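Notes for the one structure printed next.
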Amino acid sequence: MTAEAPIAPALSYGRLIPVTVHFDDLDALGLLHNARYPLMVERAWTELCQEYGVRFEGDWATAGDACNAVRELRVSYEAPVTRPGAYAVHLWVERLGTTGLTYGFRFCSQDGTVTYARGTRVLVRLDAATMRPAPWSETLRAAGRELLRPAH
């Protein structure tokens, strides 16, 4: 794992959310532990959602779009993170369905130019009472459309 991280194109869609890698996020080899990438991506996603008013405040019955579950998570590790410091997570929406949402992510340098890992995560909106799939609100749908990645 001595290859250099691939250079990403300039950020033209989605949002770049700052994250911090701490010394204790590194494993015994001095690399960012593989389980920390999804954790940091989720924290960045939560921060982004809160900017759009989607948050869990202790009551699932009123949680709305914050009541969701992960259906799938895929991560590809491209280059090692070898030191603590300031990084970022680039987030965007790949697909926005009635009850499901797929967002893409890159764990990257603070300026978004170097990619260390990338992947997708599929969320399903749930009804808090039945725990069955439920439609996203129009508020979430509008935010999702704003974050949609252009067709490639």
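Simple scheme: letters A, B, ... for chains in structure tokens order, numbers from 1 for residues in each chain, numbers from 1 for ligands in the order shown.
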Exercise for the section: Apply DSSP to the structure's backbone, then extract all residues of chain A labelled alpha helix (DSSP H) and return them as a count of residues only. Expected result: 26
Handout entry: Within 10 Å of segment 90-103 of chain A using only C-alpha atoms, minus same-chain residues under 6 positions, as an MDAnalysis selection string
Key = chainID A and resid 11 13:18 41 44:45 48 65 68:73 109:112 115 118:126 132:137 140:141 143:151
Exercise for the section: Name the residues in contact with Thr62 of chain A at a cut-off of 12 Å, using only C-alpha atoms, excluding same-chain residues fewer than 5 positions from it; report them as a VMD selection string. Expected result: chain A and resid 54 to 57 67 126 to 129
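Compared by their closest atoms to Leu39 of chain A, and using only C-alpha atoms, the residues A:Tyr52, A:Tyr116, A:Asp59, A:Phe107 rank with A:Phe107 nearest.
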Exercise for the section: Please give the complete set of residues from chain A that DSSP, run on the backbone, assigns to strand (DSSP E), formatted as a PyMOL selection string. Expected result: chain A and resi 15-21+68-77+85-96+100-109+115-125
Practice task
Please provide as a list of chain:residue names all residues within 8 Å of Asp25 of chain A, with the sequence filter that same-chain residues fewer than 4 positions apart are discarded (counting only C-alpha atoms).
Solution key: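 The contact residues come out as A:Val21, A:Leu32, A:His33, A:Arg36, A:Pro84.
Interatomic distance, atom CA of Leu26 of chain A to atom CA of Glu51 of chain A: 29.0 Å.
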Practice task
Calculate how many Å separate atom CA of Gly64 of chain A from atom CA of Arg43 of chain A, rounding to one decimal.
Solution key: 18.6 Å
Fill in the blank from the handout: Judged by only C-alpha atoms, the minimum distance to Val114 of chain A among A:Ala142, A:Val81, A:Ala63, A:Met131 is found for A:Val81
